[in-house]
Amino acid sequence: AMDKHRYVDVIGSNISVKDFANRQMIIDFVENFRTAYNRKDIDFISTVFSDDAVVITGKVIKIKRSKETASLSSEKIVYNKQTKQEYISGLKRCFKRNKYIDVVFDEIEVVKRPGSDKIYGVTLKQDWKSSTYNDTGWVFLMIDFTNEFEPCIQVRTWQPEKFEGKKLNREEIFS
């Protein structure tokens, strides 16, 4: 669950009564989304993504350096743009090969899209721990609340918390 301090930060930056209510829905949505990963609830995760969602996944690849490449970067980030169907298929395989998954969200920032009270951007730090893989990275979700009873994710991105041993600056994080 989200700690009280983070909850106050997210809710405290409200602009209107409607925005306040939307931010409460966002907190609830994000907690349910996180719990679905921990429970390996692929049906829930599938329903919260728009059919035409854009999903950007990524991974950090370590590069072996030789004498000729010693001055070049030792890491490379590879991003993969996926459809909802591709992402869900990969997630199903991930759920099958892991005995457990423990996802924690922290440092949540909510931003309302200018000119819209239905579209919100949510940036959060994700700690992913599982029986086969662990990482910490930044996840960005663009959530559409046009249907308040069935909000949907239009965009989901991931990028590492650190690159070449240095934490990403806040302005480098997708939003």
# chains A, B, ... in the order shown; residues from 1 in each chain; ligands from 1

call {"tool": "residues_around", "arguments": {"residues": "Lys112 of chain A", "least_positions_apart": "3", "cutoff": "10 Å", "atoms": "only C-alpha atoms", "output": "number ranges by chain"}}
result
A: 14-15, 19, 22-23, 115-122, 142-143

call {"tool": "select_by_dssp", "arguments": {"residues": "segment 43-92 of chain A", "states": "alpha helix (DSSP H)", "output": "JSON, numbers by chain"}}
result
{"A": [43, 44, 45, 46, 47, 48, 84, 85, 86, 87, 88, 89, 90, 91, 92]}

call {"tool": "write_last_selection", "arguments": {"atoms": "all heavy atoms", "output": "short mmCIF file (atom, residue, chain, number, x, y, z; two decimals), in the first residue's frame"}}
result
data_model
loop_
_atom_site.label_atom_id
_atom_site.label_comp_id
_atom_site.auth_asym_id
_atom_site.auth_seq_id
_atom_site.Cartn_x
_atom_site.Cartn_y
_atom_site.Cartn_z
N ASP A 43 -5.88 -11.35 -16.34
CA ASP A 43 -7.19 -10.88 -16.82
C ASP A 43 -7.40 -9.41 -16.44
O ASP A 43 -7.83 -8.61 -17.28
CB ASP A 43 -8.32 -11.74 -16.27
CG ASP A 43 -8.29 -13.16 -16.83
OD1 ASP A 43 -7.81 -13.33 -17.98
OD2 ASP A 43 -8.72 -14.08 -16.13
N PHE A 44 -7.10 -9.05 -15.20
CA PHE A 44 -7.26 -7.66 -14.78
C PHE A 44 -6.32 -6.76 -15.58
O PHE A 44 -6.74 -5.72 -16.09
CB PHE A 44 -6.99 -7.50 -13.28
CG PHE A 44 -7.07 -6.06 -12.83
CD1 PHE A 44 -8.30 -5.49 -12.52
CD2 PHE A 44 -5.93 -5.27 -12.74
CE1 PHE A 44 -8.39 -4.16 -12.13
CE2 PHE A 44 -6.02 -3.94 -12.34
CZ PHE A 44 -7.25 -3.39 -12.04
N ILE A 45 -5.06 -7.16 -15.67
CA ILE A 45 -4.08 -6.34 -16.39
C ILE A 45 -4.52 -6.14 -17.84
O ILE A 45 -4.45 -5.03 -18.37
CB ILE A 45 -2.67 -6.95 -16.30
CG1 ILE A 45 -2.19 -6.92 -14.84
CG2 ILE A 45 -1.70 -6.23 -17.21
CD1 ILE A 45 -0.94 -7.73 -14.57
N SER A 46 -5.01 -7.17 -18.46
CA SER A 46 -5.47 -7.08 -19.84
C SER A 46 -6.64 -6.10 -19.98
O SER A 46 -6.71 -5.35 -20.96
CB SER A 46 -5.87 -8.46 -20.35
OG SER A 46 -6.26 -8.39 -21.69
N THR A 47 -7.54 -6.10 -19.01
CA THR A 47 -8.72 -5.22 -19.12
C THR A 47 -8.38 -3.75 -18.91
O THR A 47 -9.10 -2.89 -19.41
CB THR A 47 -9.84 -5.61 -18.14
OG1 THR A 47 -9.36 -5.47 -16.81
CG2 THR A 47 -10.34 -7.01 -18.39
N VAL A 48 -7.30 -3.43 -18.20
CA VAL A 48 -7.00 -2.02 -17.94
C VAL A 48 -6.19 -1.37 -19.06
O VAL A 48 -6.03 -0.14 -19.05
CB VAL A 48 -6.31 -1.79 -16.58
CG1 VAL A 48 -7.21 -2.22 -15.44
CG2 VAL A 48 -4.96 -2.44 -16.50
N LYS A 84 -0.70 -3.98 -27.16
CA LYS A 84 -1.28 -4.58 -25.96
C LYS A 84 -1.16 -6.10 -26.03
O LYS A 84 -0.75 -6.76 -25.06
CB LYS A 84 -2.75 -4.18 -25.82
CG LYS A 84 -3.49 -4.94 -24.74
CD LYS A 84 -4.97 -4.63 -24.74
CE LYS A 84 -5.74 -5.49 -23.77
NZ LYS A 84 -7.16 -5.11 -23.70
N GLN A 85 -1.51 -6.68 -27.16
CA GLN A 85 -1.50 -8.13 -27.31
C GLN A 85 -0.09 -8.69 -27.12
O GLN A 85 0.08 -9.74 -26.47
CB GLN A 85 -2.07 -8.53 -28.68
CG GLN A 85 -3.53 -8.22 -28.88
CD GLN A 85 -3.83 -6.71 -29.10
OE1 GLN A 85 -2.96 -5.94 -29.51
NE2 GLN A 85 -5.04 -6.30 -28.79
N GLU A 86 0.91 -8.05 -27.69
CA GLU A 86 2.28 -8.51 -27.53
C GLU A 86 2.73 -8.43 -26.07
O GLU A 86 3.36 -9.36 -25.55
CB GLU A 86 3.23 -7.68 -28.42
CG GLU A 86 3.03 -7.91 -29.90
CD GLU A 86 3.74 -6.89 -30.76
OE1 GLU A 86 3.94 -5.73 -30.32
OE2 GLU A 86 4.08 -7.25 -31.91
N TYR A 87 2.39 -7.32 -25.42
CA TYR A 87 2.77 -7.14 -24.02
C TYR A 87 2.10 -8.19 -23.13
O TYR A 87 2.75 -8.81 -22.30
CB TYR A 87 2.40 -5.73 -23.54
CG TYR A 87 2.75 -5.47 -22.10
CD1 TYR A 87 4.08 -5.39 -21.69
CD2 TYR A 87 1.75 -5.34 -21.15
CE1 TYR A 87 4.40 -5.16 -20.37
CE2 TYR A 87 2.07 -5.10 -19.81
CZ TYR A 87 3.39 -5.02 -19.43
OH TYR A 87 3.71 -4.80 -18.11
N ILE A 88 0.82 -8.42 -23.32
CA ILE A 88 0.08 -9.40 -22.51
C ILE A 88 0.63 -10.81 -22.75
O ILE A 88 0.79 -11.59 -21.81
CB ILE A 88 -1.43 -9.32 -22.79
CG1 ILE A 88 -2.00 -7.96 -22.36
CG2 ILE A 88 -2.18 -10.47 -22.12
CD1 ILE A 88 -1.83 -7.62 -20.89
N SER A 89 0.94 -11.15 -23.99
CA SER A 89 1.53 -12.47 -24.28
C SER A 89 2.85 -12.65 -23.55
O SER A 89 3.10 -13.71 -22.97
CB SER A 89 1.75 -12.64 -25.79
OG SER A 89 0.53 -12.69 -26.47
N GLY A 90 3.70 -11.65 -23.58
CA GLY A 90 4.98 -11.72 -22.88
C GLY A 90 4.80 -11.81 -21.37
O GLY A 90 5.53 -12.53 -20.68
N LEU A 91 3.81 -11.08 -20.86
CA LEU A 91 3.53 -11.10 -19.43
C LEU A 91 3.03 -12.47 -18.99
O LEU A 91 3.40 -12.96 -17.92
CB LEU A 91 2.50 -10.01 -19.10
CG LEU A 91 2.51 -9.43 -17.71
CD1 LEU A 91 3.88 -8.99 -17.25
CD2 LEU A 91 1.53 -8.27 -17.64
N LYS A 92 2.22 -13.12 -19.82
CA LYS A 92 1.75 -14.48 -19.51
C LYS A 92 2.94 -15.43 -19.36
O LYS A 92 2.99 -16.24 -18.44
CB LYS A 92 0.81 -15.00 -20.61
CG LYS A 92 -0.57 -14.41 -20.57
CD LYS A 92 -1.42 -14.97 -21.71
CE LYS A 92 -2.79 -14.34 -21.75
NZ LYS A 92 -3.59 -14.82 -22.88
#

call {"tool": "select_by_dssp", "arguments": {"residues": "segment 116-154 of chain A", "states": "strand (DSSP E or B)", "output": "list in words"}}
result
Ile119, Tyr120, Gly121, Val122, Thr123, Leu124, Lys125, Gln126, Asp127, Trp128, Lys129, Ser130, Asn134, Asp135, Thr136, Gly137, Trp138, Val139, Phe140, Leu141, Met142, Ile143, Asp144, Cys152, Ile153 and Gln154 of chain A

call {"tool": "closest_residue", "arguments": {"among": "A:Arg156, A:Lys167, A:Lys18, A:Lys96", "to": "Asp41 of chain A", "atoms": "only C-alpha atoms"}}
result
A:Lys96

call {"tool": "residues_around", "arguments": {"residues": "Phe149 of chain A", "least_positions_apart": "3", "cutoff": "12 Å", "atoms": "only C-alpha atoms", "output": "MDAnalysis selection string"}}
result
chainID A and resid 22 25:26 28:29 48 144:146 152

call {"tool": "closest_residue", "arguments": {"among": "A:Glu172, A:Phe49, A:Trp138, A:Tyr79", "to": "Phe33 of chain A", "atoms": "only C-alpha atoms"}}
result
A:Phe49
